[in-house]
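Take a look at the structure set out below.
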Amino acid sequence: MNKIFLVASREFKTRVQKKTFLLSTIGLPILIFGFYALMIYFQVKTTDDFKVAVSDQSKLFNGKIDDKKSTEVIFSFIDADTAALNKKLNNQEYDAYLFIPNGYNLQSGEPQIAFRSSKALGLMTREKIENRINNALEEKKLLALNISKGQLDSARLENNAISFSTNDGKKDNETKVGISYAVGMIAGFLIYIILFVYGTMVMRGVMEEKVSRIAEVIVSSVKPFELMLGKIFGIGAVGLIQFIIWIVLVFGLQFLIPVLFPDVAAQMQSAPIQPGAMGAATAVKESGALQGIMSGLAEINFTLIIGCFVFYFLGGYFMYAALFAAVGSAVNEDPQDAQSLLLPIMMPIIFAMVIMTKAVNDPNSTLAIFGSLFPLTSPIVMMARVAHGVPDGVTVVQLIASMALLVLGFLGTTWVAAKIYRTGILMYGKKVTWKEMWKWAFKNN
Amino acid sequence: MHNILELKNLQKHYATQKAVDDVSFSIERGSIFGLLGPNGAGKTTLLRMITGIFYADSGELLFDGKPFDPQNDFVHIGYMPEERGLYKKMKIGEQAMYLAQLKGLSRSEALEKIKFWFKKFEMESWWNKKVEDLSKGMSQKLQFVTTVLHEPKLIILDEPFSGLDPLNANLIKDEIYGLAQRGSTIIFSTHRMEQVEEICDHIILMNLGKKILDGTVTDVKQQFKENKFNVQFKGQPTALVSPIFTIEHQEKQQLILKINEGYNSNHVLNYLLQQDVLIERFNEILPSLNDIFIHLVEGSKATTRAFQNN
């Protein structure tokens with residue numbers, strides 16, 4: 001045990017001390033955060049307002065398109081004819097003008113409203129302008145029919161007109177299902193990535209030991225099994241640390257956003273208290289959705305999910321790491337050999353990913369149940385089911401069975417891998433096939 | 001004083017062949033023991049069994065008078081395999097520390113011993129260098145240090161001099177003698193026969209998994225001598241014909257002769273004196289280990305097997 005610890009701590013230290021580790025552990029979240037910050041920055045700082053002159057000849061809008069205080073498209077009403085407008089456009093006083101001809105008929109839309117810009121519009125700007133004008137026109141039309149926007153909104157069926165619930169009397173909240181879907185998907189995908197990234201890290205570590213011919217020196221003082229376990233534990237610890245740092249950084253950096261961009265924070269805070277009837281209506285709707293998400297999040301059992309995540313993270317990693325180590329031990333100098341040997345290991349992982357995308361939609365389908373019990377796929381598939389909660393997504397019995405099977409699977413693959421590893425690590429100059437690896441694993445030698 | 005290592009009928013089979021086939025020998029404590037054999041003879045397999053990397057299929061292995069227990073005895077063994085390497089990206093000091101700790105030394109013990117050896121081999125300035133910055137000879141020295149660091153009772157060196165310049169080879173050679181004098185036993189595996197002749201007390205020769213020769217270097221040479229003598233003389237060569245010997249080679253003032261069965265060197269000398277030959281030198285030609293090796297191995301299927309083995 002002491003030697004496994006020695007090996008593991010070497011594996012851990014050499015990796016953590018590498019520059020690439022620092023770069024990927026701290027650099028990556030900062031890079032991603034930087035991208036976000038940049039995106040927010042550009043969104044906030046688009047001071048290049050798009051100025052539109054509105055010449056409302058038929059007095060349709062009464063000097064106001066809507067209540068939006070847009071910083072991007074500014075409508076200013078002036079009284080001018082097309083010739084004067086064109087001149088202003090040429091003088092670059094305005095970026096575009098909207099000309100509503102005299103005697104514009106709201107119902108028939110004749111004669112047509114003209115919009116002219118100095119240069120072709122970008123897709124986003126065009127959409128914004130179109131939306132705002134269309135909305136304003138729609139409201140005017142409704143008013144002409146004696147229907148206010150508020151009346152229309154209340155006439156529309158809200159999402160909660162029908163009450164969905166399950167047989168055990170629980171409310172079947174749509175937002176909750178949606179959030180479960182997202183959480184399951186993210187958790188499953190993270191485990192998928194972990195299996196690949198740290199699995200290949202183990203494989204490369206084993207290959208390095210074999211190619212650099214240090215394996216034989218080491219196995220004269222350490223049993224091959226201890227060497228393999230030490231490597232797996234060491235790299236597992238690297239992975240765990242890396243993940244914890246990532247999570248801490250991501251949460252920590254989030255608090256930086258309001259500091260860096262006070263505007264955004266202010267906007268986020270002021271959003272629900274927009275003045276005006278329409279604004280209030282949308283605000284209520286938005287905060288309703290937000291409340292839905294909040295309550296949905298509250299309903300999700302995060303202790304369970306995080307607990308399961310750590311368990312399946314480690315279980316899945318240990319199970320596959322041993323297999324990756326076995327492949328690494330069978331490979332010689334040519335890293336290309338690894339590709340063909342890796343395929344049978346990658347297949348179940350990819351297969352699990354496919355089942356996961358199904359399970360996240362329908363956690364109780366036969367395929368999902370099978371996938372979440374079978375140890376080679378359970379680390380990924382079970383996360384999708386656990387996200388839906390116990391017992392909605394998965395029964396307690398199934399969860400315990402799956403965990404037990406995973407532990408057995410881990411012991412099984414490690415046992416098999418250790419036998420392959422023992423033979424492979426000292427075998428040089430020969431291209432190894434799966435058939436031979438099978439022989440090493442199941443024949444006594 | 002009992003033997004440090006005793007092998008009794010040791011066997012190890014692979015799927016296709018017997019790598020080690022019924023090998024028995026014993027190694028005296030404090031001796032330098034040569035394990036010889038062509039490629040693929042089963043030396044590495046044998047060494048791996050002695051170091052506990054492989055288990056024997058059958059037979060008995062006694063270490064220090066007790067059945068070999070790799071779990072505990074590994075601390076008394078230092079193994080420098082032929083296929084040896086180091087972690088390229090690791091610092092030399094850390095690497096030595098790691099290997100020493102794997103051999104069961106505590107941190108402080110390891111540090112103390114590494115410092116001692118590094119000083120001895122003038123490697124102190126290497127501590128923070130990486131292995132990839134070392135030349136082959138330098139890393140060989142480092143490897144030797146890590147092999148003997150924990151003062152093992154049994155040191156196994158597989159081709160320890162490959163890649164070393166004569167200066168460093170001598171340095172290592174002196175250390176080997178020193179270690180043997182201090183009570184360590186050394187198993188020395190190589191193809192370089194002149195080194196074996198120089199260093200080893202006792203040798204065994206393996207071929208095709210079997211032991212085909214066992215004895216001290218002098219004994220082996222005696223065993224394979226062909227009664228050849230070298231005679232150096234003065235004056236004009238005369239025609240020497242006698243039933244006592246046959247002349248194999250004759251130069252101006254030197255001849256190599258082989259004594260025929262039933263006679264000995266005195267007979268030859270008597271004859272030569274009678275012939276009035278002025279003898280300057282008369283000495284027996286003993287076969288070199290190289291000759292014995294080639295003589296014994298040639299003709300067997302050693303080369304084909306070596307090929308299969310890979």
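Labels for the structure tokens follow display order: chains A, B, ..., residues from 1 in each chain, ligands from 1.
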Show me a table, sorted first by chain and then by increasing residue number, of the residues of chain A having an atom at most 6 Å from chain B, each with its shortest atom pair and the distance in Å to one decimal, counting only C-alpha atoms and written as JSON lines.
{"residue": "A:Ser212", "atom": "CA", "partner": "B:Gly85", "partner_atom": "CA", "distance": 5.3}
{"residue": "A:Arg213", "atom": "CA", "partner": "B:Gly85", "partner_atom": "CA", "distance": 4.5}
{"residue": "A:Ile214", "atom": "CA", "partner": "B:Gly85", "partner_atom": "CA", "distance": 4.2}
{"residue": "A:Ser220", "atom": "CA", "partner": "B:Ile53", "partner_atom": "CA", "distance": 5.9}
{"residue": "A:Ser221", "atom": "CA", "partner": "B:Lys103", "partner_atom": "CA", "distance": 5.9}
Those same residues - C-alpha atoms - I'd like them written as a short mmCIF file (atom, residue, chain, number, x, y, z; two decimals), in the first residue's frame.
data_model
loop_
_atom_site.label_atom_id
_atom_site.label_comp_id
_atom_site.auth_asym_id
_atom_site.auth_seq_id
_atom_site.Cartn_x
_atom_site.Cartn_y
_atom_site.Cartn_z
CA SER A 212 11.48 4.60 -22.03
CA ARG A 213 12.27 1.12 -20.69
CA ILE A 214 11.85 2.12 -17.10
CA SER A 220 11.90 -5.16 -9.74
CA SER A 221 10.88 -3.16 -6.68
#
Self-check item: Nearby residues (only C-alpha atoms) at most 12 Å from Glu226 of chain A, same-chain spacing under 2 positions excluded, as number ranges by chain
Solution: A: 1-8, 218-224, 228-234, 322, 414-415, 418, 421-422; B: 71, 102
Keeping C-alpha atoms for every residue in the selection just given, could you write it to a file as a short mmCIF file (atom, residue, chain, number, x, y, z; two decimals), in the first residue's frame?
data_model
loop_
_atom_site.label_atom_id
_atom_site.label_comp_id
_atom_site.auth_asym_id
_atom_site.auth_seq_id
_atom_site.Cartn_x
_atom_site.Cartn_y
_atom_site.Cartn_z
CA MET A 1 0.00 0.00 0.00
CA ASN A 2 2.89 2.26 0.85
CA LYS A 3 4.36 1.65 -2.58
CA ILE A 4 1.09 2.33 -4.36
CA PHE A 5 1.09 5.64 -2.52
CA LEU A 6 4.67 6.36 -3.57
CA VAL A 7 3.88 5.63 -7.20
CA ALA A 8 0.66 7.63 -7.05
CA ILE A 218 10.43 -0.28 -11.47
CA VAL A 219 8.84 -3.73 -11.43
CA SER A 220 11.90 -5.16 -9.74
CA SER A 221 10.88 -3.16 -6.68
CA VAL A 222 7.14 -2.76 -7.22
CA LYS A 223 4.63 -5.37 -8.26
CA PRO A 224 3.18 -4.54 -11.69
CA MET A 228 -0.69 0.15 -12.34
CA LEU A 229 -2.91 1.03 -9.39
CA GLY A 230 -0.54 3.75 -8.29
CA LYS A 231 -0.64 5.28 -11.71
CA ILE A 232 -4.42 5.11 -11.86
CA PHE A 233 -4.83 6.65 -8.41
CA GLY A 234 -2.28 9.36 -9.09
CA ALA A 322 -7.42 -0.06 -15.94
CA THR A 414 -8.75 -4.17 -13.05
CA TRP A 415 -8.14 -7.86 -12.53
CA ALA A 418 -3.54 -6.24 -14.43
CA TYR A 421 -0.42 -5.23 -18.05
CA ARG A 422 1.94 -7.60 -16.27
CA GLN B 71 7.58 -9.33 -1.28
CA LEU B 102 10.59 2.29 -3.78
#
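When the distance limit is 12 Å and only C-alpha atoms are what count, the residues near Asn168 of chain B, minus those fewer than 2 positions from it on the same chain, are Phe121, Glu122, Lys136, Gly137, Met138, Ser139, Gln140, Lys141, Leu142, Phe144, Pro160, Phe161, Ser162, Gly163, Leu164, Asp165, Pro166, Asn170, Leu171, Ile172, Lys173, Asp174 and Glu175 of chain B.
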Please write the residues from the selection above to a file, keeping N, CA and C atoms, as a PDB file, in the first residue's frame.
ATOM      1  N   PHE B 121      30.688   9.816  -7.396  1.00  0.00           N
ATOM      2  CA  PHE B 121      30.734   9.775  -8.864  1.00  0.00           C
ATOM      3  C   PHE B 121      30.764  11.178  -9.477  1.00  0.00           C
ATOM      4  N   GLU B 122      30.978  12.162  -8.653  1.00  0.00           N
ATOM      5  CA  GLU B 122      31.034  13.553  -9.106  1.00  0.00           C
ATOM      6  C   GLU B 122      29.787  13.935  -9.896  1.00  0.00           C
ATOM      7  N   LYS B 136      24.176   9.182 -22.745  1.00  0.00           N
ATOM      8  CA  LYS B 136      23.883   7.794 -22.429  1.00  0.00           C
ATOM      9  C   LYS B 136      24.762   7.285 -21.285  1.00  0.00           C
ATOM     10  N   GLY B 137      26.050   7.652 -21.378  1.00  0.00           N
ATOM     11  CA  GLY B 137      26.977   7.212 -20.333  1.00  0.00           C
ATOM     12  C   GLY B 137      26.616   7.774 -18.974  1.00  0.00           C
ATOM     13  N   MET B 138      26.199   9.050 -18.981  1.00  0.00           N
ATOM     14  CA  MET B 138      25.825   9.683 -17.715  1.00  0.00           C
ATOM     15  C   MET B 138      24.609   8.999 -17.103  1.00  0.00           C
ATOM     16  N   SER B 139      23.625   8.709 -17.922  1.00  0.00           N
ATOM     17  CA  SER B 139      22.429   8.090 -17.349  1.00  0.00           C
ATOM     18  C   SER B 139      22.749   6.668 -16.902  1.00  0.00           C
ATOM     19  N   GLN B 140      23.731   6.047 -17.559  1.00  0.00           N
ATOM     20  CA  GLN B 140      24.173   4.728 -17.125  1.00  0.00           C
ATOM     21  C   GLN B 140      24.749   4.795 -15.710  1.00  0.00           C
ATOM     22  N   LYS B 141      25.529   5.816 -15.469  1.00  0.00           N
ATOM     23  CA  LYS B 141      26.109   5.996 -14.137  1.00  0.00           C
ATOM     24  C   LYS B 141      25.001   6.196 -13.110  1.00  0.00           C
ATOM     25  N   LEU B 142      24.049   7.028 -13.470  1.00  0.00           N
ATOM     26  CA  LEU B 142      22.925   7.279 -12.568  1.00  0.00           C
ATOM     27  C   LEU B 142      22.194   5.976 -12.277  1.00  0.00           C
ATOM     28  N   PHE B 144      23.391   2.977 -12.382  1.00  0.00           N
ATOM     29  CA  PHE B 144      24.191   2.127 -11.507  1.00  0.00           C
ATOM     30  C   PHE B 144      24.023   2.564 -10.055  1.00  0.00           C
ATOM     31  N   PRO B 160      26.275  -4.043 -17.835  1.00  0.00           N
ATOM     32  CA  PRO B 160      26.427  -2.742 -17.166  1.00  0.00           C
ATOM     33  C   PRO B 160      27.354  -1.777 -17.888  1.00  0.00           C
ATOM     34  N   PHE B 161      28.196  -2.278 -18.786  1.00  0.00           N
ATOM     35  CA  PHE B 161      29.192  -1.392 -19.383  1.00  0.00           C
ATOM     36  C   PHE B 161      28.806  -0.896 -20.768  1.00  0.00           C
ATOM     37  N   SER B 162      27.674  -1.322 -21.276  1.00  0.00           N
ATOM     38  CA  SER B 162      27.337  -0.908 -22.636  1.00  0.00           C
ATOM     39  C   SER B 162      27.160   0.605 -22.661  1.00  0.00           C
ATOM     40  N   GLY B 163      27.821   1.224 -23.593  1.00  0.00           N
ATOM     41  CA  GLY B 163      27.689   2.670 -23.748  1.00  0.00           C
ATOM     42  C   GLY B 163      28.597   3.488 -22.849  1.00  0.00           C
ATOM     43  N   LEU B 164      29.459   2.834 -22.083  1.00  0.00           N
ATOM     44  CA  LEU B 164      30.351   3.592 -21.209  1.00  0.00           C
ATOM     45  C   LEU B 164      31.730   3.723 -21.842  1.00  0.00           C
ATOM     46  N   ASP B 165      32.343   4.883 -21.657  1.00  0.00           N
ATOM     47  CA  ASP B 165      33.714   5.031 -22.140  1.00  0.00           C
ATOM     48  C   ASP B 165      34.637   4.296 -21.170  1.00  0.00           C
ATOM     49  N   PRO B 166      35.888   3.990 -21.589  1.00  0.00           N
ATOM     50  CA  PRO B 166      36.773   3.174 -20.742  1.00  0.00           C
ATOM     51  C   PRO B 166      36.961   3.763 -19.347  1.00  0.00           C
ATOM     52  N   ASN B 170      35.801   1.747 -16.087  1.00  0.00           N
ATOM     53  CA  ASN B 170      36.714   1.391 -15.001  1.00  0.00           C
ATOM     54  C   ASN B 170      36.178   1.832 -13.652  1.00  0.00           C
ATOM     55  N   LEU B 171      35.574   3.007 -13.650  1.00  0.00           N
ATOM     56  CA  LEU B 171      34.985   3.531 -12.420  1.00  0.00           C
ATOM     57  C   LEU B 171      33.950   2.544 -11.879  1.00  0.00           C
ATOM     58  N   ILE B 172      33.088   2.082 -12.780  1.00  0.00           N
ATOM     59  CA  ILE B 172      32.037   1.146 -12.383  1.00  0.00           C
ATOM     60  C   ILE B 172      32.661  -0.187 -11.975  1.00  0.00           C
ATOM     61  N   LYS B 173      33.674  -0.603 -12.737  1.00  0.00           N
ATOM     62  CA  LYS B 173      34.314  -1.882 -12.450  1.00  0.00           C
ATOM     63  C   LYS B 173      34.905  -1.868 -11.042  1.00  0.00           C
ATOM     64  N   ASP B 174      35.583  -0.774 -10.716  1.00  0.00           N
ATOM     65  CA  ASP B 174      36.166  -0.667  -9.376  1.00  0.00           C
ATOM     66  C   ASP B 174      35.083  -0.729  -8.314  1.00  0.00           C
ATOM     67  N   GLU B 175      33.941  -0.090  -8.608  1.00  0.00           N
ATOM     68  CA  GLU B 175      32.842  -0.123  -7.653  1.00  0.00           C
ATOM     69  C   GLU B 175      32.325  -1.541  -7.477  1.00  0.00           C
TER      70      GLU B 175
END
How close does segment 129-202 of chain B get to segment 16-29 of chain B? List, as a Markdown table, each residue of segment 129-202 of chain B within 9 Å, its nearest atom pair and the distance in Å to one decimal, counting only C-alpha atoms.
| residue | atom | partner | partner_atom | distance |
| --- | --- | --- | --- | --- |
| B:Lys153 | CA | B:Arg29 | CA | 8.5 |
| B:Leu154 | CA | B:Arg29 | CA | 8.6 |
| B:Ala180 | CA | B:Arg29 | CA | 8.7 |
| B:Gly183 | CA | B:Arg29 | CA | 6.9 |
| B:Ser184 | CA | B:Arg29 | CA | 7.0 |
| B:Thr185 | CA | B:Arg29 | CA | 5.5 |
| B:Ile186 | CA | B:Arg29 | CA | 8.8 |
| B:Ile187 | CA | B:Ile27 | CA | 8.7 |
| B:His202 | CA | B:Ile27 | CA | 8.3 |
For the selection just defined, write its residues with N, CA and C atoms to a file, as a PDB file, in the first residue's frame.
ATOM      1  N   LYS B 153      22.093  -7.091  -0.914  1.00  0.00           N
ATOM      2  CA  LYS B 153      22.962  -8.257  -0.754  1.00  0.00           C
ATOM      3  C   LYS B 153      23.302  -8.836  -2.114  1.00  0.00           C
ATOM      4  N   LEU B 154      22.336  -8.715  -3.029  1.00  0.00           N
ATOM      5  CA  LEU B 154      22.530  -9.296  -4.356  1.00  0.00           C
ATOM      6  C   LEU B 154      22.327  -8.199  -5.401  1.00  0.00           C
ATOM      7  N   ALA B 180      31.731  -6.138  -3.944  1.00  0.00           N
ATOM      8  CA  ALA B 180      31.919  -7.561  -3.664  1.00  0.00           C
ATOM      9  C   ALA B 180      32.749  -7.734  -2.401  1.00  0.00           C
ATOM     10  N   GLY B 183      30.927  -7.514   0.728  1.00  0.00           N
ATOM     11  CA  GLY B 183      29.995  -8.598   1.036  1.00  0.00           C
ATOM     12  C   GLY B 183      28.816  -8.738   0.101  1.00  0.00           C
ATOM     13  N   SER B 184      28.673  -7.830  -0.850  1.00  0.00           N
ATOM     14  CA  SER B 184      27.583  -7.990  -1.808  1.00  0.00           C
ATOM     15  C   SER B 184      27.955  -9.055  -2.835  1.00  0.00           C
ATOM     16  N   THR B 185      26.947  -9.712  -3.317  1.00  0.00           N
ATOM     17  CA  THR B 185      27.173 -10.681  -4.374  1.00  0.00           C
ATOM     18  C   THR B 185      26.728 -10.048  -5.679  1.00  0.00           C
ATOM     19  N   ILE B 186      27.470 -10.295  -6.734  1.00  0.00           N
ATOM     20  CA  ILE B 186      27.129  -9.650  -7.988  1.00  0.00           C
ATOM     21  C   ILE B 186      26.902 -10.681  -9.087  1.00  0.00           C
ATOM     22  N   ILE B 187      25.748 -10.585  -9.700  1.00  0.00           N
ATOM     23  CA  ILE B 187      25.495 -11.397 -10.892  1.00  0.00           C
ATOM     24  C   ILE B 187      25.678 -10.475 -12.079  1.00  0.00           C
ATOM     25  N   HIS B 202      33.140 -16.922 -11.017  1.00  0.00           N
ATOM     26  CA  HIS B 202      32.398 -18.134 -11.339  1.00  0.00           C
ATOM     27  C   HIS B 202      31.479 -17.816 -12.518  1.00  0.00           C
TER      28      HIS B 202
END
Quiz item: Restricting the calculation to only C-alpha atoms, which member of B:Leu278, B:Ile285, B:Leu149, B:Leu5 is positioned closest to Gln222 of chain B?
Solution: B:Ile285
Quiz prompt | Nearby residues (only C-alpha atoms) at most 12 Å from Phe116 of chain B, same-chain spacing under 6 positions excluded, as number ranges by chain | solution = B: 109-110, 122-124, 145-146, 148-150
Print the selection's residues with N, CA and C atoms to a file, as a short mmCIF file (atom, residue, chain, number, x, y, z; two decimals), in the first residue's frame.
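Saved the output as out_33.cif:
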data_model
loop_
_atom_site.label_atom_id
_atom_site.label_comp_id
_atom_site.auth_asym_id
_atom_site.auth_seq_id
_atom_site.Cartn_x
_atom_site.Cartn_y
_atom_site.Cartn_z
N GLU B 109 17.12 8.60 4.80
CA GLU B 109 18.13 7.61 4.41
C GLU B 109 18.48 7.76 2.95
N ALA B 110 17.44 7.86 2.14
CA ALA B 110 17.63 7.94 0.70
C ALA B 110 18.47 9.15 0.35
N GLU B 122 30.98 12.16 -8.65
CA GLU B 122 31.03 13.55 -9.11
C GLU B 122 29.79 13.94 -9.90
N MET B 123 28.67 13.62 -9.31
CA MET B 123 27.39 13.90 -9.99
C MET B 123 26.57 14.94 -9.23
N GLU B 124 27.19 15.59 -8.25
CA GLU B 124 26.41 16.48 -7.37
C GLU B 124 25.69 17.58 -8.14
N VAL B 145 24.07 3.88 -9.86
CA VAL B 145 23.92 4.40 -8.50
C VAL B 145 22.57 3.97 -7.92
N THR B 146 21.50 4.12 -8.69
CA THR B 146 20.19 3.77 -8.15
C THR B 146 20.06 2.27 -7.91
N VAL B 148 22.56 0.25 -6.76
CA VAL B 148 23.33 -0.22 -5.60
C VAL B 148 23.10 0.62 -4.35
N LEU B 149 22.33 1.68 -4.53
CA LEU B 149 22.09 2.66 -3.46
C LEU B 149 21.66 2.05 -2.13
N HIS B 150 20.76 1.11 -2.19
CA HIS B 150 20.19 0.57 -0.96
C HIS B 150 21.01 -0.57 -0.38
#
Exercise. Write out as a PyMOL selection string which residues come within 7 Å of Lys210 of chain A when counting only C-alpha atoms, dropping same-chain ones fewer than 4 positions away.
Key: chain A and resi 206+214-215+329+425
Please save C-alpha atoms of the selected residues as a PDB file, in the first residue's frame.
ATOM      1  CA  VAL A 206       1.977   3.486 -19.268  1.00  0.00           C
ATOM      2  CA  ILE A 214      11.845   2.122 -17.097  1.00  0.00           C
ATOM      3  CA  ALA A 215       9.142  -0.450 -16.478  1.00  0.00           C
ATOM      4  CA  SER A 329       1.089  -1.817 -21.866  1.00  0.00           C
ATOM      5  CA  ILE A 425       4.780  -4.007 -19.888  1.00  0.00           C
TER       6      ILE A 425
END
